[in-house]
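upload25.txt (compact mmCIF, C-alpha atoms and all ligand atoms) appears below.
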# COMPACT_ATOMS: atom_id res chain seq x y z
CA MET A 1 -29.40 -68.36 124.25
CA ASN A 2 -28.78 -71.80 125.72
CA ASN A 3 -26.13 -72.51 123.11
CA LYS A 4 -24.39 -69.29 123.98
CA ARG A 5 -24.41 -70.20 127.69
CA THR A 6 -23.02 -73.67 127.01
CA PHE A 7 -20.31 -72.10 124.86
CA PHE A 8 -19.21 -69.73 127.65
CA ILE A 9 -19.27 -72.47 130.28
CA LEU A 10 -17.10 -74.63 128.03
CA LEU A 11 -14.75 -71.73 127.30
CA PHE A 12 -14.42 -71.03 131.03
CA GLY A 13 -13.63 -74.72 131.67
CA VAL A 14 -10.99 -74.75 128.95
CA LEU A 15 -9.35 -71.62 130.37
CA ILE A 16 -9.24 -73.06 133.92
CA PHE A 17 -7.75 -76.31 132.57
CA ALA A 18 -5.16 -74.47 130.48
CA SER A 19 -4.03 -72.30 133.38
CA ALA A 20 -3.69 -75.38 135.64
CA GLN A 21 -1.52 -77.01 132.95
CA GLY A 22 0.55 -73.86 132.67
CA GLN A 23 1.35 -73.99 136.36
CA THR A 24 3.23 -77.26 136.00
CA SER A 25 5.95 -75.42 134.12
CA SER A 26 6.06 -72.35 136.36
CA PRO A 27 9.36 -71.90 138.22
CA ALA A 28 7.76 -72.61 141.60
CA SER A 29 7.07 -76.23 140.68
CA LEU A 30 10.31 -77.08 138.88
CA LYS A 31 11.29 -80.57 139.86
CA PHE A 32 13.13 -83.68 138.74
CA PHE A 33 10.94 -86.69 138.06
CA PRO A 34 13.33 -89.67 137.82
CA ALA A 35 12.50 -92.22 135.11
CA GLN A 36 9.59 -90.16 133.73
CA VAL A 37 9.46 -88.62 130.25
CA TRP A 38 11.55 -85.42 130.22
CA ASN A 39 10.85 -82.82 127.54
CA ASP A 40 13.08 -79.99 126.39
CA LEU A 41 11.84 -76.40 126.17
CA SER A 42 10.41 -77.03 122.69
CA GLY A 43 8.30 -79.89 124.00
CA ASN A 44 10.41 -82.66 122.45
CA VAL A 45 11.63 -85.61 124.51
CA ILE A 46 15.26 -85.09 125.54
CA ASN A 47 17.49 -87.42 123.51
CA ALA A 48 20.86 -87.46 125.31
CA HIS A 49 21.66 -90.91 126.65
CA GLY A 50 24.81 -92.20 128.33
CA GLY A 51 25.53 -88.53 128.83
CA GLY A 52 27.51 -86.12 130.90
CA ILE A 53 27.37 -82.45 131.79
CA LEU A 54 29.86 -79.60 131.43
CA TYR A 55 29.34 -76.33 133.27
CA HIS A 56 30.59 -73.35 131.31
CA LYS A 57 30.03 -69.62 131.82
CA GLY A 58 26.84 -69.84 133.82
CA ARG A 59 25.24 -72.66 131.90
CA TYR A 60 25.15 -76.42 132.08
CA TYR A 61 25.65 -78.29 128.80
CA TRP A 62 24.25 -81.81 128.67
CA PHE A 63 25.88 -84.01 126.01
CA GLY A 64 24.48 -87.44 125.25
CA GLU A 65 23.87 -90.09 122.65
CA LYS A 66 21.24 -89.21 120.09
CA ARG A 67 19.37 -92.46 119.55
CA GLY A 68 16.83 -93.60 117.01
CA GLN A 69 14.86 -96.71 117.84
CA HIS A 70 18.18 -98.57 117.82
CA ALA A 71 20.45 -96.43 115.69
CA SER A 72 23.25 -94.28 117.01
CA GLU A 73 22.76 -90.86 115.39
CA GLY A 74 25.55 -88.77 116.90
CA VAL A 75 25.88 -86.61 120.00
CA ASN A 76 23.18 -84.15 121.03
CA VAL A 77 23.72 -81.14 123.27
CA TYR A 78 21.23 -79.22 125.44
CA SER A 79 21.81 -76.22 127.68
CA SER A 80 20.25 -75.05 130.93
CA LYS A 81 20.77 -72.50 133.66
CA ASP A 82 18.76 -74.31 136.31
CA LEU A 83 19.14 -78.04 135.48
CA TYR A 84 15.36 -78.48 135.12
CA GLN A 85 14.68 -76.69 131.83
CA TRP A 86 16.78 -77.71 128.84
CA LYS A 87 17.10 -75.97 125.51
CA PHE A 88 18.07 -78.12 122.54
CA GLU A 89 21.31 -76.69 121.11
CA GLY A 90 21.72 -79.14 118.26
CA LEU A 91 23.74 -82.11 117.10
CA ALA A 92 27.19 -81.45 118.56
CA LEU A 93 28.81 -84.25 116.59
CA ALA A 94 27.22 -85.87 113.56
CA PRO A 95 28.23 -89.23 112.09
CA SER A 96 30.14 -88.76 108.83
CA LYS A 97 28.70 -89.20 105.31
CA ASP A 98 32.15 -90.42 104.26
CA ALA A 99 32.03 -94.23 104.31
CA GLY A 100 35.79 -94.35 104.93
CA SER A 101 35.61 -92.34 108.15
CA ASP A 102 35.92 -94.02 111.57
CA ILE A 103 32.64 -92.31 112.43
CA ALA A 104 30.84 -93.23 109.19
CA GLU A 105 27.04 -93.37 109.52
CA GLY A 106 26.18 -96.71 111.12
CA CYS A 107 29.01 -96.55 113.66
CA LEU A 108 28.17 -96.51 117.39
CA MET A 109 28.95 -93.38 119.35
CA GLU A 110 28.34 -94.01 123.04
CA ARG A 111 28.82 -92.31 126.40
CA PRO A 112 30.12 -88.95 125.09
CA LYS A 113 31.74 -86.61 127.63
CA VAL A 114 33.05 -83.09 127.08
CA ILE A 115 35.68 -81.18 129.06
CA TYR A 116 37.16 -77.72 128.58
CA ASN A 117 40.88 -77.18 128.21
CA GLN A 118 41.88 -73.85 129.80
CA LYS A 119 45.26 -73.76 128.01
CA THR A 120 44.11 -74.45 124.45
CA ARG A 121 40.61 -72.97 124.98
CA LYS A 122 39.16 -75.95 123.18
CA PHE A 123 36.21 -78.08 124.15
CA VAL A 124 37.28 -81.70 123.96
CA MET A 125 34.84 -84.57 123.50
CA TRP A 126 35.70 -88.21 124.14
CA PHE A 127 33.34 -91.06 123.44
CA HIS A 128 33.24 -94.82 123.01
CA LEU A 129 33.37 -95.68 119.32
CA GLU A 130 32.43 -98.89 117.58
CA LEU A 131 33.10 -99.09 113.85
CA LYS A 132 30.21 -99.63 111.47
CA GLY A 133 29.15 -103.26 111.08
CA LYS A 134 31.65 -104.61 113.61
CA GLY A 135 29.41 -104.97 116.67
CA TYR A 136 31.33 -104.07 119.81
CA SER A 137 34.64 -105.54 118.63
CA ALA A 138 36.55 -102.37 117.74
CA ALA A 139 36.42 -101.17 121.40
CA ARG A 140 37.95 -97.76 120.73
CA ALA A 141 38.04 -94.36 122.34
CA ALA A 142 37.45 -91.40 120.03
CA VAL A 143 38.18 -87.68 120.31
CA ALA A 144 36.58 -84.60 118.76
CA VAL A 145 37.16 -80.86 119.39
CA SER A 146 35.39 -77.54 119.04
CA ASP A 147 36.08 -73.88 119.75
CA GLN A 148 32.51 -73.49 120.97
CA VAL A 149 30.86 -75.49 123.66
CA GLN A 150 27.76 -76.37 121.64
CA GLY A 151 29.86 -77.44 118.64
CA PRO A 152 29.84 -78.50 115.92
CA TYR A 153 32.73 -80.76 116.99
CA THR A 154 35.39 -81.91 114.55
CA PHE A 155 36.33 -85.57 114.77
CA LEU A 156 40.09 -86.05 115.28
CA SER A 157 40.93 -89.71 115.77
CA SER A 158 39.99 -93.02 117.33
CA PHE A 159 42.29 -95.57 118.96
CA ARG A 160 42.74 -98.12 121.69
CA PRO A 161 44.43 -96.19 124.51
CA ASN A 162 47.95 -97.56 124.89
CA GLY A 163 46.76 -100.56 122.90
CA ASN A 164 44.00 -101.42 125.41
CA MET A 165 40.38 -102.14 124.48
CA SER A 166 38.18 -99.24 125.49
CA ARG A 167 34.40 -99.43 125.84
CA ASP A 168 32.29 -97.66 128.53
CA MET A 169 34.14 -94.55 129.62
CA ASN A 170 34.14 -91.26 131.41
CA LEU A 171 36.41 -88.24 131.76
CA TYR A 172 37.47 -86.51 134.93
CA VAL A 173 39.30 -83.20 135.39
CA ASP A 174 41.06 -82.87 138.72
CA ASP A 175 41.57 -79.63 140.69
CA ASP A 176 45.04 -79.13 139.17
CA GLY A 177 43.64 -79.23 135.60
CA SER A 178 44.97 -82.67 134.75
CA ALA A 179 42.40 -84.81 132.98
CA TYR A 180 41.80 -88.55 133.00
CA HIS A 181 40.06 -91.16 130.89
CA ILE A 182 38.43 -93.95 132.90
CA TYR A 183 37.56 -96.93 130.73
CA SER A 184 36.43 -100.54 130.67
CA SER A 185 39.05 -102.73 129.06
CA ASP A 186 40.00 -106.33 128.33
CA GLU A 187 36.44 -107.38 127.34
CA ASN A 188 35.14 -105.25 130.25
CA MET A 189 37.00 -107.30 132.83
CA ASP A 190 39.24 -104.38 133.77
CA LEU A 191 38.56 -100.82 134.66
CA ARG A 192 41.53 -98.60 133.79
CA ILE A 193 42.54 -94.97 134.09
CA ALA A 194 44.85 -93.00 131.82
CA ARG A 195 46.06 -89.46 132.38
CA LEU A 196 45.55 -87.32 129.27
CA THR A 197 48.14 -85.15 127.55
CA ASP A 198 48.04 -81.45 128.49
CA ASP A 199 45.84 -80.69 125.46
CA TYR A 200 43.44 -83.52 126.52
CA LEU A 201 43.58 -85.00 123.02
CA ARG A 202 45.51 -88.21 123.69
CA PRO A 203 46.17 -90.59 126.57
CA THR A 204 49.63 -90.52 128.13
CA ASN A 205 51.30 -93.78 129.07
CA GLN A 206 50.47 -93.08 132.70
CA ASP A 207 47.75 -95.68 132.31
CA SER A 208 46.95 -98.23 134.96
CA LEU A 209 44.50 -100.84 136.17
CA LEU A 210 42.00 -99.66 138.79
CA PHE A 211 40.57 -103.09 139.45
CA ARG A 212 39.58 -106.28 137.67
CA ARG A 213 35.97 -106.82 138.72
CA GLN A 214 34.09 -106.72 135.41
CA ARG A 215 32.56 -103.28 135.86
CA GLU A 216 31.45 -100.60 133.43
CA ALA A 217 29.50 -97.29 133.21
CA PRO A 218 32.07 -95.48 135.42
CA ALA A 219 31.07 -92.20 137.10
CA LEU A 220 33.78 -90.52 139.16
CA PHE A 221 33.66 -87.58 141.56
CA LYS A 222 35.69 -86.03 144.34
CA TYR A 223 34.32 -85.16 147.76
CA ARG A 224 36.51 -83.75 150.54
CA GLN A 225 39.79 -84.88 148.93
CA LYS A 226 38.57 -88.43 148.39
CA TYR A 227 37.66 -89.98 145.04
CA TYR A 228 34.38 -91.86 144.62
CA LEU A 229 33.67 -94.13 141.68
CA ILE A 230 30.25 -95.60 140.91
CA THR A 231 30.09 -98.40 138.35
CA SER A 232 27.61 -100.97 137.05
CA GLY A 233 27.97 -104.64 136.30
CA CYS A 234 28.15 -105.81 132.68
CA THR A 235 24.69 -106.99 131.60
CA GLY A 236 24.19 -104.97 128.41
CA TRP A 237 21.03 -102.84 128.51
CA ALA A 238 19.60 -104.76 131.48
CA PRO A 239 19.97 -103.12 134.90
CA ASN A 240 22.13 -104.63 137.62
CA GLN A 241 23.63 -103.76 140.98
CA ALA A 242 25.81 -100.67 141.21
CA SER A 243 28.91 -100.51 143.32
CA LEU A 244 30.92 -97.76 144.91
CA HIS A 245 34.71 -97.72 145.21
CA THR A 246 36.72 -95.05 147.01
CA ALA A 247 40.39 -94.03 146.88
CA ASP A 248 42.73 -91.35 148.17
CA SER A 249 44.55 -91.26 144.84
CA LEU A 250 43.13 -91.68 141.34
CA PHE A 251 45.64 -94.44 140.66
CA GLY A 252 44.46 -96.32 143.72
CA PRO A 253 44.36 -98.43 145.67
CA TRP A 254 40.57 -98.49 145.19
CA LYS A 255 38.51 -99.96 147.99
CA LEU A 256 35.17 -101.63 147.28
CA VAL A 257 32.52 -100.12 149.57
CA GLY A 258 29.35 -101.78 148.27
CA ASN A 259 26.05 -100.75 146.73
CA PRO A 260 25.20 -97.10 147.57
CA MET A 261 21.58 -97.32 146.31
CA GLU A 262 18.66 -97.41 148.74
CA GLY A 263 14.94 -97.95 148.23
CA PRO A 264 12.77 -99.97 145.83
CA GLN A 265 14.87 -101.85 143.28
CA ALA A 266 18.05 -100.60 144.94
CA ASP A 267 19.81 -103.81 143.92
CA LEU A 268 19.01 -103.00 140.27
CA THR A 269 20.03 -99.32 140.47
CA PHE A 270 16.28 -98.50 140.29
CA GLY A 271 16.26 -99.97 136.77
CA GLY A 272 19.06 -97.67 135.61
CA GLN A 273 22.78 -97.65 134.86
CA SER A 274 25.24 -94.99 135.97
CA THR A 275 26.53 -92.43 133.48
CA PHE A 276 27.77 -89.37 135.40
CA VAL A 277 27.94 -87.63 138.76
CA LEU A 278 27.38 -83.90 138.46
CA PRO A 279 28.72 -81.39 141.00
CA VAL A 280 25.98 -78.75 141.42
CA GLN A 281 27.39 -75.25 140.93
CA GLY A 282 27.33 -72.92 143.88
CA LYS A 283 26.18 -75.64 146.26
CA LYS A 284 29.05 -77.06 148.24
CA ASP A 285 29.24 -80.85 148.55
CA SER A 286 26.18 -81.25 146.32
CA PHE A 287 26.23 -83.92 143.63
CA ILE A 288 23.61 -85.42 141.34
CA PHE A 289 23.87 -89.07 140.36
CA MET A 290 22.79 -89.52 136.73
CA ALA A 291 21.73 -92.84 135.26
CA ASP A 292 20.05 -94.20 132.14
CA LYS A 293 16.99 -96.40 132.32
CA TRP A 294 17.52 -98.10 128.98
CA ASN A 295 14.67 -99.23 126.79
CA PRO A 296 16.38 -101.67 124.40
CA LYS A 297 13.19 -101.95 122.26
CA ASP A 298 13.29 -98.21 121.61
CA LEU A 299 16.52 -96.62 122.81
CA ARG A 300 15.14 -93.13 122.12
CA ASP A 301 12.63 -93.73 124.86
CA SER A 302 15.28 -94.62 127.45
CA ARG A 303 14.65 -92.47 130.53
CA TYR A 304 16.86 -90.46 132.84
CA ILE A 305 17.23 -91.09 136.55
CA TRP A 306 18.74 -88.16 138.43
CA LEU A 307 19.00 -88.44 142.21
CA PRO A 308 20.92 -86.50 144.86
CA VAL A 309 23.98 -88.03 146.53
CA ARG A 310 23.78 -88.11 150.31
CA PHE A 311 26.86 -88.22 152.53
CA ASP A 312 26.62 -89.97 155.83
CA GLY A 313 30.05 -89.27 157.29
CA LYS A 314 32.22 -90.89 154.65
CA ASP A 315 29.40 -93.15 153.55
CA VAL A 316 27.57 -92.39 150.32
CA LYS A 317 23.88 -93.11 149.83
CA ILE A 318 21.59 -92.57 146.87
CA SER A 319 17.91 -93.02 147.65
CA TRP A 320 15.02 -93.34 145.28
CA MET A 321 12.61 -90.40 145.10
CA ASP A 322 9.60 -90.05 142.78
CA GLU A 323 10.28 -86.33 142.57
CA TRP A 324 12.62 -83.80 144.12
CA ASN A 325 14.26 -80.44 143.56
CA LEU A 326 17.54 -78.72 144.35
CA SER A 327 16.27 -77.41 147.70
CA TRP A 328 16.92 -80.99 148.87
CA PHE A 329 20.59 -79.98 149.17
CA SER A 330 19.79 -77.15 151.59
CA LYS A 331 17.70 -79.43 153.80
CA LYS A 332 20.12 -82.37 153.99
C1 LIG B 1 26.10 -101.61 128.12
C2 LIG B 1 26.82 -100.27 128.04
C3 LIG B 1 26.01 -99.35 127.15
C4 LIG B 1 25.81 -100.04 125.82
C5 LIG B 1 25.15 -101.39 126.02
C6 LIG B 1 24.96 -102.17 124.73
O1 LIG B 1 26.85 -102.54 128.82
O2 LIG B 1 26.96 -99.73 129.30
O3 LIG B 1 26.66 -98.12 127.02
O4 LIG B 1 27.06 -100.23 125.20
O5 LIG B 1 25.93 -102.17 126.88
O6 LIG B 1 24.46 -103.45 124.99

When written as structure tokens, how does the structure in this file appear?
Amino acid sequence: MNNKRTFFILLFGVLIFASAQGQTSSPASLKFFPAQVWNDLSGNVINAHGGGILYHKGRYYWFGEKRGQHASEGVNVYSSKDLYQWKFEGLALAPSKDAGSDIAEGCLMERPKVIYNQKTRKFVMWFHLELKGKGYSAARAAVAVSDQVQGPYTFLSSFRPNGNMSRDMNLYVDDDGSAYHIYSSDENMDLRIARLTDDYLRPTNQDSLLFRRQREAPALFKYRQKYYLITSGCTGWAPNQASLHTADSLFGPWKLVGNPMEGPQADLTFGGQSTFVLPVQGKKDSFIFMADKWNPKDLRDSRYIWLPVRFDGKDVKISWMDEWNLSWFSKK
């Protein structure tokens, strides 16, 4: 009798506990928790570092570096309708088994970004490529394409754009459909921009210096006809102070505004490094700043810091929050 009672009491307790756990994933409590472990819908930790997001036909696609403890293992892609819950779609680009390939296993594939070309109907991926066994000396940009957003992507070529070294990078598509590659060059001293060919597969020779201030991790966005560019300093995996530049034209002149971060560790970008600024669909003037909080001892375990961008007149501020959700944009 007593045993039976104990059993039911325990069962009741387990059920209460389980339902409380269940609530944390119910839509009402969907939130972003910057720098905390973020699982995909299968319960695995999201592995998409140095990433960027493409919105296509009602879904967001998050592309990022698949990392082992240190290894670079290709480019992962996840999809989501709401930005909180991510479904793993697979390895969008795998390193090659062919030892002669530029992307042979053991190469470094960093900061992948994907854009969609309306004319060719191809999805075009650019990333920073370092050749196997050569450290960071190759300093190349690389391009891959796919007919489907989630891939698999086919590697096309790697090169130094117009002969320039190319490390940390991003892509930007302007309102008129022209696309640009923003990249750290000359041993990261320079930040450059190159307009891409109409098919987005190569740089054109419209390629110019933005500024020479030793910056990397560029993340560019446009707000009310002005361009905003967030970058980091060059301290490897260690965090440093971000800076914001603004310009009326992509080719400059770019004006240094200062550090847009606010709150604890604001002068270290909250322990993170910029990777992308995402325009939220259907919410005017709403942007999410995305950063990586690198863990160099186990790169897989590097965390994601997503925070909303606040506009104060023409001033941009990004404040630390332990947790937040998209309703922040309606309240601002
Ligand atoms: C950082 C860069 C990262 C990665 C790292 C390696 O400067 O932003 O993407 O390349 O160096 O140390």

Grab me every residue within 8 Å of ligand LIG 1 (chain B), counting only C-alpha atoms and all ligand atoms, and send it over as a PyMOL selection string. chain A and resi 50+110-111+136+167-168+216-217+232-238+273

Please provide the set of residues having any atom within 6 Å of Ser79 (chain A), restricted to all atoms listed in the file, with same-chain residues fewer than 6 positions apart removed, written as a VMD selection string. chain A and resid 60 to 61 86 to 87

Selected residue of minimal separation from Gly68 (chain A) among A:Gly106, A:Pro112, A:Gly100, A:Pro239, counting all atoms listed in the file: A:Gly106

Between CA of Arg121 (chain A) and CA of Gly282 (chain A), what is the distance, to one decimal in Å? 23.1 Å

Figure out the distance between CA of Val277 (chain A) and CA of Tyr304 (chain A), please, to one decimal in Å.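 Spanning CA of Tyr304 (chain A) to CA of Val277 (chain A) is a straight-line distance of 12.9 Å.
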
Computed interatomic separation between CA of Ile288 (chain A) and CA of Leu268 (chain A) (Å):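 Interatomic distance here is 18.2 Å.
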
So, with only C-alpha atoms as the atoms that count, which of A:Ala71, A:Arg303, A:Tyr200, A:Ser137 lies closest to Lys122 (chain A)?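 Checking each of A:Ala71, A:Arg303, A:Tyr200, A:Ser137 against Lys122 (chain A), counting only C-alpha atoms, the winner is A:Tyr200.
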
Among the residues A:Val145, A:Leu171, A:Leu307, A:Ile103, the one that comes closest to Trp324 (chain A) [using all atoms listed in the file]: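 For Trp324 (chain A), the nearest of the given residues is A:Leu307.
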
Around (28.7, -87.0, 131.0) in the file's own coordinates, what residues are found within 7 Å if you use only C-alpha atoms, given back as a ChimeraX atom specification? /A:51-53,63,112-113,170,275-276

For Ala139 (chain A), the nearest of the candidates A:Met109, A:Pro152, A:Ile115, A:Leu250, counting only C-alpha atoms: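 Smallest distance to Ala139 (chain A) is found for A:Met109.
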
Select, from A:Asn295, A:Gln265, A:Asn76, A:Thr246, the residue with the minimum atom-to-atom distance to Lys314 (chain A), counting all atoms listed in the file.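 Among the listed residues, the smallest separation from Lys314 (chain A) belongs to A:Thr246.
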
A:Tyr116, A:Phe127, A:Tyr228, A:Phe211: which is nearest Ala179 (chain A), counting all atoms listed in the file?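 Of A:Tyr116, A:Phe127, A:Tyr228, A:Phe211, the one nearest Ala179 (chain A) is A:Tyr116, counting all atoms listed in the file.
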
6 Å contact set for Arg192 (chain A), only C-alpha atoms, chain neighbours under 6 positions out, as JSON, numbers by chain: {"A": [182, 183, 208, 209, 210]}

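Within 12 Å of the point (47.8, -97.3, 139.8), and counting all atoms listed in the file, the protein, DNA and RNA residues are Leu191, Arg192, Ile193, Ala194, Arg195, Asn205, Gln206, Asp207, Ser208, Leu209, Leu210, Phe211, Ala247, Asp248, Ser249, Leu250, Phe251, Gly252, Pro253 and Trp254 of chain A.
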
Which residues are close to Phe88 (chain A), i.e. within 10 Å by only C-alpha atoms, leaving aside same-chain residues fewer than 5 positions away? Reply as an NGL selection string. :A and (39-42 or 44 or 46-47 or 61-62 or 76-80 or 150)

Which polymer residues have any atom within 9 Å of an atom of Arg67 (chain A), counting only C-alpha atoms, with same-chain residues fewer than 4 positions away left out, as a PyMOL selection string? chain A and resi 47-49+71-75+298-301

Quick one: residues within 9 Å of Leu156 (chain A), only C-alpha atoms, excluding same-chain residues fewer than 4 positions away - as an MDAnalysis selection string? chainID A and resid 142:145 201
